[in-house]
>>> print(open('data_36.pdb').read())   # PDB, C-alpha atoms and all ligand atoms
ATOM      1  CA  MET G 253     -46.736  -5.647 -14.353
ATOM      2  CA  MET G 254     -45.693  -2.064 -14.989
ATOM      3  CA  VAL G 255     -43.651  -2.057 -11.791
ATOM      4  CA  SER G 256     -41.778  -5.255 -12.557
ATOM      5  CA  ARG G 257     -41.035  -4.066 -16.092
ATOM      6  CA  TRP G 258     -39.751  -0.768 -14.677
ATOM      7  CA  LEU G 259     -37.550  -2.692 -12.234
ATOM      8  CA  ALA G 260     -36.139  -4.816 -15.037
ATOM      9  CA  VAL G 261     -35.305  -1.735 -17.105
ATOM     10  CA  ALA G 262     -33.789   0.008 -14.086
ATOM     11  CA  ALA G 263     -31.664  -3.064 -13.292
ATOM     12  CA  VAL G 264     -30.320  -3.220 -16.840
ATOM     13  CA  MET G 265     -29.528   0.482 -16.781
ATOM     14  CA  MET G 266     -27.682   0.209 -13.479
ATOM     15  CA  LEU G 267     -25.403  -2.624 -14.562
ATOM     16  CA  PRO G 268     -22.990  -0.520 -16.627
ATOM     17  CA  CYS G 269     -22.910   2.070 -13.836
ATOM     18  CA  ALA G 270     -21.883  -0.570 -11.305
ATOM     19  CA  ALA G 271     -19.098  -1.692 -13.645
ATOM     20  CA  VAL G 272     -17.884   1.879 -14.073
ATOM     21  CA  PHE G 273     -17.837   2.446 -10.321
ATOM     22  CA  ALA G 274     -15.881  -0.759  -9.678
ATOM     23  CA  ALA G 275     -13.391   0.012 -12.430
ATOM     24  CA  SER G 276     -12.843   3.598 -11.302
ATOM     25  CA  ASP G 277     -11.186   2.379  -8.070
ATOM     26  CA  ARG G 278      -8.131   1.465 -10.139
ATOM     27  CA  PRO G 279      -6.463   3.255 -13.014
ATOM     28  CA  ASP G 280      -6.534   1.556 -16.400
ATOM     29  CA  PRO G 281      -3.289  -0.494 -16.291
ATOM     30  CA  ARG G 282      -2.393   0.741 -19.777
ATOM     31  CA  THR G 283      -1.903   4.219 -18.298
ATOM     32  CA  LEU G 284       0.849   2.765 -16.066
ATOM     33  CA  MET G 285       3.104   1.810 -18.995
ATOM     34  CA  ALA G 286       4.811   4.098 -21.498
ATOM     35  CA  ASP G 287       4.277   1.523 -24.263
ATOM     36  CA  PRO G 288       1.771  -1.188 -23.261
ATOM     37  CA  GLU G 289       2.110  -3.091 -26.552
ATOM     38  CA  GLN G 290       5.909  -3.305 -26.233
ATOM     39  CA  ALA G 291       5.572  -4.337 -22.575
ATOM     40  CA  ARG G 292       3.218  -7.154 -23.491
ATOM     41  CA  ALA G 293       5.438  -8.299 -26.380
ATOM     42  CA  ASP G 294       8.473  -8.289 -24.054
ATOM     43  CA  TYR G 295       6.625 -10.373 -21.476
ATOM     44  CA  VAL G 296       5.514 -12.917 -24.053
ATOM     45  CA  GLU G 297       9.030 -13.184 -25.529
ATOM     46  CA  HIS G 298      11.097 -13.211 -22.338
ATOM     47  CA  CYS G 299       8.778 -14.741 -19.743
ATOM     48  CA  GLY G 300       5.817 -16.326 -21.512
ATOM     49  CA  GLY G 301       7.729 -19.448 -22.522
ATOM     50  CA  CYS G 302       7.901 -20.519 -18.895
ATOM     51  CA  HIS G 303       5.056 -18.643 -17.207
ATOM     52  CA  GLY G 304       2.499 -18.819 -20.023
ATOM     53  CA  VAL G 305       1.073 -15.933 -22.030
ATOM     54  CA  THR G 306      -1.521 -15.180 -19.337
ATOM     55  CA  GLY G 307       0.770 -16.021 -16.395
ATOM     56  CA  ASP G 308      -1.191 -19.161 -15.631
ATOM     57  CA  THR G 309       1.055 -22.200 -15.846
ATOM     58  CA  VAL G 310      -0.948 -24.507 -13.589
ATOM     59  CA  PRO G 311      -0.443 -27.459 -13.386
ATOM     60  CA  ALA G 312       3.225 -27.007 -14.410
ATOM     61  CA  ARG G 313       5.712 -26.721 -11.547
ATOM     62  CA  LEU G 314       6.081 -22.969 -11.976
ATOM     63  CA  PRO G 315       4.854 -20.135  -9.789
ATOM     64  CA  GLU G 316       1.451 -18.838 -10.825
ATOM     65  CA  LEU G 317       1.561 -15.122 -11.565
ATOM     66  CA  ALA G 318      -2.023 -14.627 -12.755
ATOM     67  CA  GLY G 319      -4.186 -12.842 -10.216
ATOM     68  CA  ARG G 320      -1.597 -12.920  -7.444
ATOM     69  CA  VAL G 321       1.824 -11.508  -8.388
ATOM     70  CA  GLY G 322       0.598  -7.996  -7.490
ATOM     71  CA  TRP G 323       0.591  -8.881  -3.777
ATOM     72  CA  PHE G 324       4.379  -8.521  -3.882
ATOM     73  CA  MET G 325       3.912  -4.769  -4.453
ATOM     74  CA  CYS G 326       2.585  -4.438  -0.905
ATOM     75  CA  THR G 327       5.939  -4.074   0.925
ATOM     76  CA  PRO G 328       9.124  -2.343  -0.308
ATOM     77  CA  ALA G 329      11.167  -5.543   0.157
ATOM     78  CA  ALA G 330       8.727  -7.786  -1.699
ATOM     79  CA  ARG G 331       8.475  -5.207  -4.473
ATOM     80  CA  ALA G 332      12.283  -5.215  -4.769
ATOM     81  CA  TYR G 333      12.204  -9.041  -4.905
ATOM     82  CA  LEU G 334      10.256  -8.890  -8.179
ATOM     83  CA  ILE G 335      13.111  -6.955  -9.819
ATOM     84  CA  ARG G 336      15.842  -8.998  -8.083
ATOM     85  CA  LEU G 337      14.525 -12.338  -9.411
ATOM     86  CA  PRO G 338      17.332 -13.884 -11.475
ATOM     87  CA  ASN G 339      15.234 -14.086 -14.663
ATOM     88  CA  VAL G 340      14.198 -10.451 -14.283
ATOM     89  CA  ALA G 341      17.448  -8.840 -13.061
ATOM     90  CA  HIS G 342      19.524 -10.707 -15.657
ATOM     91  CA  SER G 343      16.949 -10.248 -18.430
ATOM     92  CA  ARG G 344      18.239  -9.627 -21.946
ATOM     93  CA  ILE G 345      16.211  -6.397 -21.834
ATOM     94  CA  THR G 346      19.015  -3.968 -21.008
ATOM     95  CA  ASP G 347      16.893  -0.784 -21.132
ATOM     96  CA  ASN G 348      15.663  -0.196 -17.564
ATOM     97  CA  ALA G 349      12.604   1.808 -18.654
ATOM     98  CA  GLN G 350      11.597  -1.035 -20.962
ATOM     99  CA  LEU G 351      12.060  -3.604 -18.181
ATOM    100  CA  ALA G 352      10.069  -1.410 -15.755
ATOM    101  CA  ASP G 353       7.263  -1.265 -18.294
ATOM    102  CA  MET G 354       7.298  -5.024 -18.751
ATOM    103  CA  MET G 355       7.176  -5.589 -14.997
ATOM    104  CA  ASN G 356       4.243  -3.166 -14.775
ATOM    105  CA  TYR G 357       2.535  -5.342 -17.366
ATOM    106  CA  VAL G 358       3.280  -8.394 -15.186
ATOM    107  CA  VAL G 359       2.024  -6.749 -11.984
ATOM    108  CA  PHE G 360      -0.981  -4.773 -13.233
ATOM    109  CA  VAL G 361      -2.230  -6.899 -16.142
ATOM    110  CA  ILE G 362      -1.119 -10.483 -15.415
ATOM    111  CA  GLY G 363      -1.583  -9.843 -11.674
ATOM    112  CA  GLY G 364      -5.137  -8.570 -12.226
ATOM    113  CA  SER G 365      -6.402  -6.743  -9.140
ATOM    114  CA  SER G 366      -3.877  -8.308  -6.726
ATOM    115  CA  ALA G 367      -1.715  -5.163  -6.367
ATOM    116  CA  PRO G 368      -2.925  -2.922  -3.534
ATOM    117  CA  VAL G 369      -5.043   0.020  -4.745
ATOM    118  CA  GLY G 370      -2.793   3.050  -5.254
ATOM    119  CA  THR G 371       0.360   1.014  -5.980
ATOM    120  CA  ARG G 372       2.962   3.122  -7.805
ATOM    121  CA  PRO G 373       4.230   1.529 -11.024
ATOM    122  CA  PHE G 374       7.908   0.543 -11.332
ATOM    123  CA  THR G 375      10.211   3.208 -12.772
ATOM    124  CA  ALA G 376      13.494   2.964 -14.673
ATOM    125  CA  ASP G 377      15.358   4.393 -11.646
ATOM    126  CA  GLU G 378      13.943   1.759  -9.333
ATOM    127  CA  VAL G 379      14.856  -1.020 -11.764
ATOM    128  CA  ALA G 380      18.381   0.412 -12.104
ATOM    129  CA  ARG G 381      18.745   0.424  -8.307
ATOM    130  CA  GLU G 382      17.480  -3.136  -7.698
ATOM    131  CA  ARG G 383      18.924  -4.982 -10.680
ATOM    132  CA  PRO G 384      22.505  -5.136  -9.368
ATOM    133  CA  LEU G 385      21.120  -6.776  -6.184
ATOM    134  CA  ALA G 386      19.964  -9.861  -8.087
ATOM    135  CA  LEU G 387      19.068 -12.904  -6.014
ATOM    136  CA  THR G 388      20.757 -16.206  -6.662
ATOM    137  CA  ASN G 389      19.071 -19.581  -6.681
ATOM    138  CA  ALA G 390      20.811 -20.202  -3.346
ATOM    139  CA  ASN G 391      19.122 -17.344  -1.449
ATOM    140  CA  LEU G 392      15.896 -17.053  -3.419
ATOM    141  CA  THR G 393      13.809 -19.609  -1.519
ATOM    142  CA  ALA G 394      14.671 -18.229   1.927
ATOM    143  CA  GLU G 395      14.004 -14.671   0.767
ATOM    144  CA  ARG G 396      10.641 -15.633  -0.706
ATOM    145  CA  ASP G 397       9.737 -17.433   2.484
ATOM    146  CA  ARG G 398      10.519 -14.369   4.602
ATOM    147  CA  LEU G 399       8.699 -11.955   2.280
ATOM    148  CA  THR G 400       5.529 -13.967   1.829
ATOM    149  CA  ARG G 401       5.222 -14.336   5.626
ATOM    150  CA  GLN G 402       5.174 -10.522   5.797
ATOM    151  CA  LEU G 403       2.638 -10.296   2.957
ATOM    152  CA  VAL G 404       0.239 -12.512   4.890
ATOM    153  CA  ARG G 405       0.847 -10.757   8.211
ATOM    154  CA  GLN G 406       1.014  -7.109   7.106
ATOM    155  CA  CYS G 407      -1.034  -7.050   3.916
ATOM    156  CA  HIS G 408      -3.529  -9.844   4.616
ATOM    157  CA  ALA G 409      -2.511 -11.622   1.428
ATOM    158  CA  PRO G 410      -4.157 -15.047   1.140
ATOM    159  CA  ALA G 411      -2.155 -17.786   2.882
ATOM    160  CA  SER G 412      -1.764 -19.534  -0.486
ATOM    161  CA  ILE G 413       0.755 -16.809  -1.489
ATOM    162  CA  ARG G 414       3.191 -18.765   0.730
ATOM    163  CA  ASP G 415       3.092 -21.622  -1.786
ATOM    164  CA  LEU G 416       5.309 -21.166  -4.812
ATOM    165  CA  TYR G 417       3.079 -23.521  -6.761
ATOM    166  CA  ILE G 418      -0.695 -23.580  -6.478
ATOM    167  CA  GLY G 419      -1.630 -26.801  -4.747
ATOM    168  CA  ALA G 420       1.937 -27.295  -3.446
ATOM    169  CA  LYS G 421       2.236 -29.239  -0.226
ATOM    170  CA  PRO G 422       4.095 -27.298   2.481
TER     171      PRO G 422
HETATM  172  C1  LIG N 501      13.343 -20.704 -17.719
HETATM  173  C2  LIG N 501      11.987 -20.489 -17.208
HETATM  174  C3  LIG N 501      11.639 -19.090 -16.691
HETATM  175  C4  LIG N 501      11.739 -17.899 -17.364
HETATM  176  C5  LIG N 501      12.220 -17.635 -18.796
HETATM  177  C6  LIG N 501      11.234 -16.895 -16.459
HETATM  178  N1  LIG N 501      10.866 -17.461 -15.278
HETATM  179 FE1  LIG N 501      10.065 -16.504 -13.687
HETATM  180  N2  LIG N 501      10.295 -18.160 -12.559
HETATM  181  C7  LIG N 501      10.702 -19.400 -13.023
HETATM  182  C8  LIG N 501      10.869 -20.309 -11.891
HETATM  183  C9  LIG N 501      11.270 -21.782 -11.959
HETATM  184  C10 LIG N 501      10.573 -19.556 -10.729
HETATM  185  C11 LIG N 501      10.616 -20.023  -9.262
HETATM  186  C12 LIG N 501      11.790 -19.426  -8.567
HETATM  187  C13 LIG N 501      13.079 -19.873  -9.206
HETATM  188  O1  LIG N 501      13.395 -21.070  -9.144
HETATM  189  O2  LIG N 501      13.735 -18.988  -9.836
HETATM  190  C14 LIG N 501      10.209 -18.213 -11.191
HETATM  191  C15 LIG N 501       9.789 -17.177 -10.353
HETATM  192  C16 LIG N 501       9.225 -15.994 -10.809
HETATM  193  C17 LIG N 501       8.491 -15.020 -10.005
HETATM  194  C18 LIG N 501       8.240 -15.123  -8.511
HETATM  195  C19 LIG N 501       6.834 -15.645  -8.264
HETATM  196  C20 LIG N 501       6.599 -15.919  -6.799
HETATM  197  O3  LIG N 501       5.430 -16.233  -6.488
HETATM  198  O4  LIG N 501       7.547 -15.840  -6.002
HETATM  199  C21 LIG N 501       8.124 -13.987 -10.819
HETATM  200  C22 LIG N 501       7.347 -12.723 -10.441
HETATM  201  C23 LIG N 501       8.651 -14.305 -12.134
HETATM  202  N3  LIG N 501       9.297 -15.519 -12.095
HETATM  203  C24 LIG N 501       8.534 -13.468 -13.240
HETATM  204  C25 LIG N 501       9.251 -13.682 -14.411
HETATM  205  C26 LIG N 501       9.384 -12.671 -15.451
HETATM  206  C27 LIG N 501       8.782 -11.259 -15.388
HETATM  207  C28 LIG N 501      10.128 -13.250 -16.437
HETATM  208  C29 LIG N 501      10.594 -12.622 -17.738
HETATM  209  C30 LIG N 501      11.653 -11.642 -17.607
HETATM  210  C31 LIG N 501      10.450 -14.621 -16.013
HETATM  211  N4  LIG N 501       9.906 -14.827 -14.786
HETATM  212  C32 LIG N 501      11.145 -15.541 -16.785
HETATM  213  C33 LIG N 501      10.924 -19.730 -14.347
HETATM  214  C34 LIG N 501      11.124 -18.801 -15.359
END
>>> encode(input="data_36.pdb", output="structure tokens", more="lines below")
Ligand code: HEC
Amino acid sequence: MMVSRWLAVAAVMMLPCAAVFAASDRPDPRTLMADPEQARADYVEHCGGCHGVTGDTVPARLPELAGRVGWFMCTPAARAYLIRLPNVAHSRITDNAQLADMMNYVVFVIGGSSAPVGTRPFTADEVARERPLALTNANLTAERDRLTRQLVRQCHAPASIRDLYIGAKP
């Protein structure tokens, strides 16, 4: 009786510790943005209409960002793709630091834990470099195809990253 009660108390006491240990593998995503509130507001205004406030548009015919967009941070080319997307590169947000912050919100908050541990956040300089190389709707599909093959091969991303839409038939 005493032993089982002790075990129960010990288990309860260990729970928060386990959570702290798991969380400490990754920095708090808010520390990766200069202004997390602005970044979130920008995402909701400029992207949320199509992708949903939490990045989860299923079953709409839109790519699901929630819990998976961070995989694109795994290779330099796939990381550049996120900034070169037409809706991102041509965004009405002209300030590159502000756009970098918003994309960090997309990757590290909407993407959950999908970005590899230790991923560097986007910077204004990186956004400034990639924006002029915007993809067009003509080359976007082929580029995504090439990049997601690499994500599966090199980063062991789940094969479903190859599908633009969850549940899409190849
Ligand atoms: C008008 C609707 C619309 C808006 C607004 C929009 N997107 Fe998209 N997004 C799409 C569609 C559709 C695709 C699929 C590729 C394509 O056709 O451009 C896409 C693709 C993406 C992808 C690639 C996902 C993948 O798995 O390859 C990301 C990341 C993304 N959008 C982020 C954003 C961000 C960030 C914003 C805000 C700046 C934004 N989108 C605004 C419709 C939209």
>>> axis_aligned_box(input="data_36.pdb", around="stretch 337-342 of chain G", padding_each_side="6 Å", output="lines of an AutoDock Vina configuration file")
center_x = 16.9
center_y = -11.5
center_z = -12.5
size_x = 17.3
size_y = 17.2
size_z = 18.2
>>> closest_residue(input="data_36.pdb", among="G:Asp347, G:Asp287, G:Asp308, G:Glu297", to="ligand LIG 501 (chain N)", atoms="only C-alpha atoms and all ligand atoms")
G:Glu297
>>> resolve_selection(input="data_36.pdb", expression="the PyMOL selection byres (((not hetatm)) within 8 of (chain N and resi 501))", output="PDB file with C-alpha atoms, in the frame of the given file")
ATOM      1  CA  ASP G 294       8.473  -8.289 -24.054  1.00  0.00           C
ATOM      2  CA  TYR G 295       6.625 -10.373 -21.476  1.00  0.00           C
ATOM      3  CA  GLU G 297       9.030 -13.184 -25.529  1.00  0.00           C
ATOM      4  CA  HIS G 298      11.097 -13.211 -22.338  1.00  0.00           C
ATOM      5  CA  CYS G 299       8.778 -14.741 -19.743  1.00  0.00           C
ATOM      6  CA  GLY G 300       5.817 -16.326 -21.512  1.00  0.00           C
ATOM      7  CA  GLY G 301       7.729 -19.448 -22.522  1.00  0.00           C
ATOM      8  CA  CYS G 302       7.901 -20.519 -18.895  1.00  0.00           C
ATOM      9  CA  HIS G 303       5.056 -18.643 -17.207  1.00  0.00           C
ATOM     10  CA  ARG G 313       5.712 -26.721 -11.547  1.00  0.00           C
ATOM     11  CA  LEU G 314       6.081 -22.969 -11.976  1.00  0.00           C
ATOM     12  CA  PRO G 315       4.854 -20.135  -9.789  1.00  0.00           C
ATOM     13  CA  GLU G 316       1.451 -18.838 -10.825  1.00  0.00           C
ATOM     14  CA  LEU G 317       1.561 -15.122 -11.565  1.00  0.00           C
ATOM     15  CA  ARG G 320      -1.597 -12.920  -7.444  1.00  0.00           C
ATOM     16  CA  VAL G 321       1.824 -11.508  -8.388  1.00  0.00           C
ATOM     17  CA  LEU G 334      10.256  -8.890  -8.179  1.00  0.00           C
ATOM     18  CA  LEU G 337      14.525 -12.338  -9.411  1.00  0.00           C
ATOM     19  CA  PRO G 338      17.332 -13.884 -11.475  1.00  0.00           C
ATOM     20  CA  ASN G 339      15.234 -14.086 -14.663  1.00  0.00           C
ATOM     21  CA  VAL G 340      14.198 -10.451 -14.283  1.00  0.00           C
ATOM     22  CA  ALA G 341      17.448  -8.840 -13.061  1.00  0.00           C
ATOM     23  CA  SER G 343      16.949 -10.248 -18.430  1.00  0.00           C
ATOM     24  CA  MET G 354       7.298  -5.024 -18.751  1.00  0.00           C
ATOM     25  CA  MET G 355       7.176  -5.589 -14.997  1.00  0.00           C
ATOM     26  CA  VAL G 358       3.280  -8.394 -15.186  1.00  0.00           C
ATOM     27  CA  ASN G 389      19.071 -19.581  -6.681  1.00  0.00           C
ATOM     28  CA  LEU G 392      15.896 -17.053  -3.419  1.00  0.00           C
ATOM     29  CA  THR G 393      13.809 -19.609  -1.519  1.00  0.00           C
ATOM     30  CA  ARG G 396      10.641 -15.633  -0.706  1.00  0.00           C
ATOM     31  CA  ILE G 413       0.755 -16.809  -1.489  1.00  0.00           C
ATOM     32  CA  ARG G 414       3.191 -18.765   0.730  1.00  0.00           C
ATOM     33  CA  ASP G 415       3.092 -21.622  -1.786  1.00  0.00           C
ATOM     34  CA  LEU G 416       5.309 -21.166  -4.812  1.00  0.00           C
ATOM     35  CA  TYR G 417       3.079 -23.521  -6.761  1.00  0.00           C
TER      36      TYR G 417
END
>>> atom_distance(input="data_36.pdb", atom1="atom CA of G:Leu403", atom2="atom CA of G:Ala330")
8.1 Å
>>> resolve_selection(input="data_36.pdb", expression="the PyMOL selection byres (((chain G and resi 335) around 12) and not hetatm)", output="ChimeraX atom specification")
/G:324-325,328-334,336-343,348,351-356,358-359,374-387
>>> closest_residue(input="data_36.pdb", among="G:Pro373, G:Val361, G:Cys326, G:Gln350", to="G:Thr400", atoms="all atoms listed in the file")
G:Cys326
>>> closest_residue(input="data_36.pdb", among="G:Gly307, G:Arg405, G:Ala390, G:Gly322", to="G:Arg372", atoms="only C-alpha atoms")
G:Gly322
>>> atom_distance(input="data_36.pdb", atom1="atom CA of G:Ala411", atom2="atom CA of G:Pro279")
26.7 Å
>>> closest_residue(input="data_36.pdb", among="G:Ile362, G:Asn391, G:Cys407, G:Tyr357", to="G:Glu289", atoms="only C-alpha atoms")
G:Tyr357
>>> atom_distance(input="data_36.pdb", atom1="atom CA of G:Gly363", atom2="atom CA of G:Arg344")
22.3 Å
>>> closest_residue(input="data_36.pdb", among="G:Ala318, G:Leu399, G:Asp280, G:Thr306", to="G:Ser366", atoms="all atoms listed in the file")
G:Ala318
